[in-house]
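Participant: Got my_file.csv for you, CSV, C-alpha atoms:
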```csv
chain,number,residue,atom,x,y,z
A,1,MET,CA,23.9,42.9,-2.7
A,2,ALA,CA,23.8,45.2,0.4
A,3,ALA,CA,22.6,48.7,-0.2
A,4,VAL,CA,25.4,51.4,-0.2
A,5,ALA,CA,24.8,54.2,2.2
A,6,PRO,CA,24.3,57.3,0.1
A,7,THR,CA,25.6,60.8,0.7
A,8,ILE,CA,22.8,63.0,1.9
A,9,SER,CA,22.5,66.2,0.0
A,10,THR,CA,22.1,69.6,1.7
A,11,ALA,CA,19.5,70.7,-0.9
A,12,GLN,CA,16.6,72.3,0.8
A,13,ASP,CA,14.0,72.0,-1.9
A,14,ALA,CA,13.2,70.2,-5.2
A,15,ALA,CA,14.7,72.9,-7.4
A,16,ALA,CA,18.1,72.7,-5.6
A,17,ALA,CA,18.0,68.9,-5.9
A,18,GLY,CA,17.3,69.0,-9.7
A,19,MET,CA,13.8,67.6,-9.3
A,20,VAL,CA,10.4,68.8,-10.6
A,21,GLU,CA,6.9,68.2,-9.4
A,22,ILE,CA,5.2,65.8,-11.8
A,23,ARG,CA,2.2,68.1,-12.2
A,24,SER,CA,4.4,70.6,-13.9
A,25,LEU,CA,4.6,68.1,-16.8
A,26,VAL,CA,1.2,66.3,-16.3
A,27,PRO,CA,-1.1,68.8,-14.6
A,28,ASP,CA,-4.0,66.3,-14.2
A,29,ILE,CA,-2.1,63.2,-13.2
A,30,ASP,CA,-3.8,61.2,-10.4
A,31,LEU,CA,-1.9,61.6,-7.2
A,32,GLU,CA,-2.7,59.6,-4.0
A,33,ILE,CA,0.4,60.3,-2.0
A,34,ARG,CA,-0.4,57.9,0.9
A,35,TYR,CA,2.4,58.9,3.3
A,36,ALA,CA,1.1,62.5,3.5
A,37,GLY,CA,-2.0,61.2,5.3
A,38,SER,CA,-3.0,58.3,7.6
A,39,ASP,CA,-4.0,55.8,4.9
A,40,ASN,CA,-0.8,53.8,5.0
A,41,PHE,CA,1.0,51.0,6.9
A,42,VAL,CA,2.1,53.3,9.7
A,43,GLY,CA,-1.4,54.6,10.2
A,44,ARG,CA,-0.4,58.3,10.3
A,45,PRO,CA,1.4,61.0,8.3
A,46,VAL,CA,5.0,60.1,7.9
A,47,ALA,CA,7.9,62.4,8.9
A,48,GLY,CA,8.9,64.7,6.0
A,49,TYR,CA,5.6,64.8,4.3
A,50,LEU,CA,4.1,68.3,4.7
A,51,GLY,CA,2.0,67.9,1.6
A,52,ALA,CA,1.0,65.5,-1.2
A,53,GLY,CA,3.6,66.3,-3.9
A,54,CYS,CA,5.4,64.0,-6.3
A,55,TYR,CA,8.9,65.0,-7.0
A,56,LEU,CA,11.3,63.3,-9.4
A,57,HIS,CA,14.5,64.2,-11.2
A,58,ARG,CA,13.5,65.9,-14.4
A,59,THR,CA,14.6,63.1,-16.8
A,60,VAL,CA,12.6,60.6,-14.7
A,61,ALA,CA,9.5,62.8,-14.6
A,62,GLN,CA,9.8,63.2,-18.4
A,63,ALA,CA,10.0,59.4,-18.9
A,64,LEU,CA,7.0,59.0,-16.6
A,65,ALA,CA,5.0,61.5,-18.6
A,66,ARG,CA,5.7,59.5,-21.7
A,67,VAL,CA,4.4,56.3,-20.0
A,68,GLY,CA,1.3,58.2,-19.1
A,69,ARG,CA,0.7,59.5,-22.6
A,70,GLU,CA,1.0,55.9,-24.0
A,71,LEU,CA,-1.4,54.5,-21.5
A,72,ARG,CA,-4.0,57.2,-22.0
A,73,ALA,CA,-4.2,56.3,-25.7
A,74,GLN,CA,-5.3,52.8,-24.4
A,75,GLY,CA,-8.0,54.1,-22.1
A,76,LEU,CA,-5.7,53.9,-19.0
A,77,ARG,CA,-4.1,56.3,-16.6
A,78,LEU,CA,-1.5,56.2,-13.9
A,79,ARG,CA,-2.2,56.7,-10.2
A,80,ILE,CA,0.9,57.6,-8.2
A,81,TYR,CA,1.2,56.6,-4.5
A,82,ASP,CA,4.8,57.8,-3.8
A,83,CYS,CA,7.7,59.4,-5.5
A,84,TYR,CA,10.7,61.1,-3.9
A,85,ARG,CA,10.8,60.2,-0.2
A,86,PRO,CA,12.9,62.2,2.3
A,87,VAL,CA,15.6,60.4,4.3
A,88,ARG,CA,13.8,61.4,7.5
A,89,ALA,CA,10.7,59.4,6.2
A,90,VAL,CA,12.8,56.3,5.7
A,91,ARG,CA,14.1,56.6,9.2
A,92,ASP,CA,10.5,57.0,10.4
A,93,PHE,CA,9.6,53.7,8.7
A,94,VAL,CA,12.6,51.9,10.4
A,95,ALA,CA,11.7,53.2,13.8
A,96,TRP,CA,8.1,52.1,13.3
A,97,ALA,CA,9.2,48.6,12.2
A,98,ALA,CA,11.3,48.3,15.3
A,99,ASP,CA,8.4,49.0,17.6
A,100,PRO,CA,6.7,45.7,18.4
A,101,ASP,CA,3.9,47.4,20.4
A,102,ASP,CA,2.4,49.2,17.3
A,103,GLN,CA,0.5,46.5,15.5
A,104,LYS,CA,-2.7,48.4,14.5
A,105,THR,CA,-2.2,48.1,10.7
A,106,LYS,CA,-1.2,44.5,10.7
A,107,PRO,CA,-4.5,43.1,9.5
A,108,ARG,CA,-4.5,45.2,6.4
A,109,TYR,CA,-0.8,45.5,5.5
A,110,TYR,CA,1.1,42.5,6.9
A,111,PRO,CA,-1.4,39.9,8.1
A,112,THR,CA,0.9,36.8,7.6
A,113,LEU,CA,4.2,38.3,8.6
A,114,ASP,CA,5.7,39.0,12.0
A,115,LYS,CA,6.4,42.7,12.1
A,116,SER,CA,10.1,42.2,12.8
A,117,LYS,CA,10.3,40.5,9.3
A,118,LEU,CA,9.5,43.7,7.5
A,119,LEU,CA,13.0,45.0,8.1
A,120,GLY,CA,15.1,44.0,5.1
A,121,ASP,CA,13.3,43.1,1.9
A,122,TYR,CA,10.4,45.6,2.6
A,123,ILE,CA,11.7,48.3,4.9
A,124,SER,CA,15.4,49.2,4.5
A,125,PRO,CA,17.5,51.9,6.2
A,126,THR,CA,18.2,53.4,2.8
A,127,SER,CA,15.7,53.8,-0.1
A,128,GLY,CA,15.9,54.5,-3.8
A,129,HIS,CA,12.9,56.8,-3.3
A,130,SER,CA,15.2,59.2,-1.5
A,131,ARG,CA,17.3,59.5,-4.6
A,132,GLY,CA,14.4,60.9,-6.7
A,133,ALA,CA,14.3,58.1,-9.3
A,134,THR,CA,11.9,55.6,-7.7
A,135,LEU,CA,8.1,55.7,-7.5
A,136,ASP,CA,5.1,53.6,-6.6
A,137,LEU,CA,2.1,53.5,-8.8
A,138,THR,CA,-0.8,51.6,-10.4
A,139,MET,CA,-3.1,51.9,-13.4
A,140,LEU,CA,-6.6,53.1,-13.7
A,141,GLU,CA,-9.0,52.0,-16.4
A,142,ARG,CA,-11.7,54.2,-18.0
A,143,ARG,CA,-15.2,53.2,-17.0
A,144,GLY,CA,-17.7,55.5,-18.5
A,145,GLU,CA,-17.0,59.0,-17.5
A,146,SER,CA,-14.5,58.2,-14.8
A,147,TYR,CA,-11.5,55.9,-14.0
A,148,ALA,CA,-11.2,53.1,-11.5
A,149,PRO,CA,-8.1,51.1,-10.4
A,150,LEU,CA,-7.4,47.8,-12.2
A,151,ASP,CA,-7.3,44.7,-10.0
A,152,MET,CA,-3.6,44.0,-9.3
A,153,GLY,CA,-4.3,41.3,-6.7
A,154,THR,CA,-3.3,43.4,-3.6
A,155,GLY,CA,-3.4,46.9,-2.4
A,156,PHE,CA,-0.4,49.2,-2.3
A,157,ASP,CA,2.2,48.3,0.4
A,158,PHE,CA,0.7,44.9,1.1
A,159,PHE,CA,3.7,43.0,2.6
A,160,ASP,CA,3.1,39.4,1.4
A,161,ASP,CA,4.3,37.2,-1.4
A,162,LEU,CA,1.0,37.7,-3.2
A,163,ALA,CA,2.3,41.2,-4.0
A,164,HIS,CA,5.4,39.8,-5.7
A,165,THR,CA,5.1,40.9,-9.3
A,166,ASP,CA,5.2,37.4,-10.7
A,167,SER,CA,3.4,35.7,-7.8
A,168,PRO,CA,1.7,32.5,-9.0
A,169,ARG,CA,-1.0,33.2,-6.4
A,170,ALA,CA,-2.3,36.1,-8.4
A,171,SER,CA,-5.0,35.3,-10.9
A,172,LEU,CA,-4.4,35.3,-14.6
A,173,ALA,CA,-6.1,38.7,-15.0
A,174,GLN,CA,-4.2,40.2,-12.1
A,175,ARG,CA,-0.9,39.0,-13.6
A,176,GLY,CA,-1.9,40.4,-16.9
A,177,HIS,CA,-2.5,43.8,-15.4
A,178,ARG,CA,0.8,43.7,-13.6
A,179,GLU,CA,2.6,42.8,-16.8
A,180,ARG,CA,0.9,45.5,-18.8
A,181,LEU,CA,2.1,48.1,-16.3
A,182,ARG,CA,5.6,46.6,-16.2
A,183,ALA,CA,5.9,46.5,-20.0
A,184,ALA,CA,4.8,50.2,-20.3
A,185,MET,CA,7.3,51.2,-17.6
A,186,GLN,CA,10.1,49.2,-19.1
A,187,ARG,CA,9.7,50.8,-22.5
A,188,GLU,CA,10.6,54.2,-20.9
A,189,GLY,CA,13.6,52.9,-18.8
A,190,PHE,CA,11.9,51.9,-15.5
A,191,GLU,CA,12.8,48.6,-13.7
A,192,ASN,CA,10.4,46.8,-11.4
A,193,TYR,CA,11.3,45.6,-7.9
A,194,PRO,CA,10.1,42.0,-8.0
A,195,LEU,CA,8.8,41.9,-4.5
A,196,GLU,CA,6.4,44.8,-5.1
A,197,TRP,CA,4.3,45.1,-8.3
A,198,TRP,CA,3.9,48.8,-7.7
A,199,HIS,CA,7.6,49.8,-7.3
A,200,TYR,CA,9.7,51.1,-10.2
A,201,THR,CA,13.2,52.7,-10.5
A,202,PHE,CA,14.4,54.6,-13.6
A,203,LYS,CA,17.8,53.3,-14.8
A,204,PRO,CA,20.4,54.6,-14.9
A,205,GLU,CA,19.6,56.7,-11.9
A,206,PRO,CA,20.5,60.4,-12.2
A,207,THR,CA,22.1,60.5,-8.7
A,208,PRO,CA,22.7,56.9,-7.7
A,209,ARG,CA,25.0,57.8,-4.7
A,210,THR,CA,23.1,60.9,-3.4
A,211,ALA,CA,19.9,60.9,-1.3
A,212,PHE,CA,17.9,64.0,-0.3
A,213,ASP,CA,16.0,65.1,2.8
A,214,PHE,CA,14.0,68.2,1.9
A,215,PRO,CA,10.3,67.9,2.8
A,216,VAL,CA,7.6,66.9,0.4
A,217,ARG,CA,5.1,69.7,0.1
```
What does this structure look like when you write it as structure tokens?
Facilitator:
Amino acid sequence: MAAVAPTISTAQDAAAAGMVEIRSLVPDIDLEIRYAGSDNFVGRPVAGYLGAGCYLHRTVAQALARVGRELRAQGLRLRIYDCYRPVRAVRDFVAWAADPDDQKTKPRYYPTLDKSKLLGDYISPTSGHSRGATLDLTMLERRGESYAPLDMGTGFDFFDDLAHTDSPRASLAQRGHRERLRAAMQREGFENYPLEWWHYTFKPEPTPRTAFDFPVR
């Protein structure tokens, strides 16, 4: 089904949008907001990211906090790569995908795909992230006094069928880690996007027809 173009809210900050920063509920959560820096598929900070915050609608953030508490009891933690994403960031992605001359991140992020094929299943002119109920994340496992990422089979934002949540190309252990994350998220109302093991949306969404464009700080 084609995405429905949302109404873009005039809210100028998270509070006006009804969102909270996840650290207000989980102060020590592991944030690695990739689009605020250069460690991402466009190779630079993305439009709209003025900082490395994670904003979500309050009910979504509360559900995520419950997931985190459950996993911590099992020696696991969540690492968040992206939460709310401004509309201007989505437009930045689309413009990047339409530029055939910029191929510097191809070896790491889309080695088997022609860049033009990223538009559609992977990069869309609208994104659930802009509605404040979608996030990208992985799990960390306690190893001694610290935590390290579990092996999920690919890195974040790897555009390839190996990153499909149920990819038969992933090893048994990797599929097990993906399923453990999916089960924990599903118990609190999050639904996985099958093409990306890291991508989850809370259902029902608080504002399914409204997107936001205030900057991430």
Participant: At a cut-off of 9 Å from (5.1, 45.8, -6.3) in the coordinates of the file, what residues are picked up using only C-alpha atoms, written as a list in words?
Facilitator: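 The residues near that point, listed by chain and number, are Asp136, Leu137, Phe156, Asp157, Phe158, Ala163, His164, Thr165, Arg178, Asn192, Tyr193, Pro194, Leu195, Glu196, Trp197, Trp198, His199 and Tyr200 of chain A.
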Participant: Between A:Arg72, A:Arg108, A:Ala52, A:Gly120, which residue has the minimum interatomic distance to Asn40 (chain A), considering all atoms listed in the file?
Facilitator: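 Comparing A:Arg72, A:Arg108, A:Ala52, A:Gly120 against Asn40 (chain A), the winner is A:Arg108.
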Participant: Quick one: of A:Asp114, A:Asp213, A:Asp101, A:Asp166, who's nearest to His129 (chain A), counting all atoms listed in the file?
Facilitator: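 Of all the options, A:Asp213 lies closest to His129 (chain A).
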Participant: Could you give me, as a ChimeraX atom specification, the residues that have an atom at most 10 Å away from the point (16.0, 53.3, -3.9) in the coordinates of the file, using only C-alpha atoms?
Facilitator: /A:3,84-85,124,126-135,193,199-202,205,208,211
Participant: Any chance you could export the current selection's C-alpha atoms as an mmCIF file, keeping the file's coordinate frame?
Facilitator:
```
data_model
loop_
_atom_site.group_PDB
_atom_site.id
_atom_site.type_symbol
_atom_site.label_atom_id
_atom_site.label_comp_id
_atom_site.auth_asym_id
_atom_site.auth_seq_id
_atom_site.Cartn_x
_atom_site.Cartn_y
_atom_site.Cartn_z
ATOM 1 C CA ALA A 3 22.600 48.700 -0.200
ATOM 2 C CA TYR A 84 10.700 61.100 -3.900
ATOM 3 C CA ARG A 85 10.800 60.200 -0.200
ATOM 4 C CA SER A 124 15.400 49.200 4.500
ATOM 5 C CA THR A 126 18.200 53.400 2.800
ATOM 6 C CA SER A 127 15.700 53.800 -0.100
ATOM 7 C CA GLY A 128 15.900 54.500 -3.800
ATOM 8 C CA HIS A 129 12.900 56.800 -3.300
ATOM 9 C CA SER A 130 15.200 59.200 -1.500
ATOM 10 C CA ARG A 131 17.300 59.500 -4.600
ATOM 11 C CA GLY A 132 14.400 60.900 -6.700
ATOM 12 C CA ALA A 133 14.300 58.100 -9.300
ATOM 13 C CA THR A 134 11.900 55.600 -7.700
ATOM 14 C CA LEU A 135 8.100 55.700 -7.500
ATOM 15 C CA TYR A 193 11.300 45.600 -7.900
ATOM 16 C CA HIS A 199 7.600 49.800 -7.300
ATOM 17 C CA TYR A 200 9.700 51.100 -10.200
ATOM 18 C CA THR A 201 13.200 52.700 -10.500
ATOM 19 C CA PHE A 202 14.400 54.600 -13.600
ATOM 20 C CA GLU A 205 19.600 56.700 -11.900
ATOM 21 C CA PRO A 208 22.700 56.900 -7.700
ATOM 22 C CA ALA A 211 19.900 60.900 -1.300
#
```
Participant: Compare A:His57, A:Arg209, A:Arg44, A:Arg69 by their minimum atom-to-atom distance to Met185 (chain A), counting all atoms listed in the file, and give me the closest one.
Facilitator: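 Among the listed residues, A:Arg69 lies closest to Met185 (chain A).
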Participant: Hey, which of A:Thr138, A:Gln62, A:Phe41, A:Gly144 ends up closest to Trp96 (chain A)? Count all atoms listed in the file.
Facilitator: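 Result for the nearest residue to Trp96 (chain A): A:Phe41.
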Participant: How many Å lie between CA of Thr207 (chain A) and CA of Ile22 (chain A), rounded to one decimal?
Facilitator: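 CA of Ile22 (chain A) lies 18.0 Å from CA of Thr207 (chain A).
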Participant: Near Ala17 (chain A), counting all atoms listed in the file, which residues have an atom at most 10 Å away, once you skip same-chain residues fewer than 2 positions from it, shown as number ranges by chain?
Facilitator: A: 9-15, 19-20, 55-57, 131-132, 207, 210-214
Participant: Can you measure CA of Tyr122 (chain A) to CA of Thr154 (chain A) for me? One decimal in Å is fine.
Facilitator: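 Computing the Euclidean distance for CA of Tyr122 (chain A) and CA of Thr154 (chain A) yields 15.2 Å.
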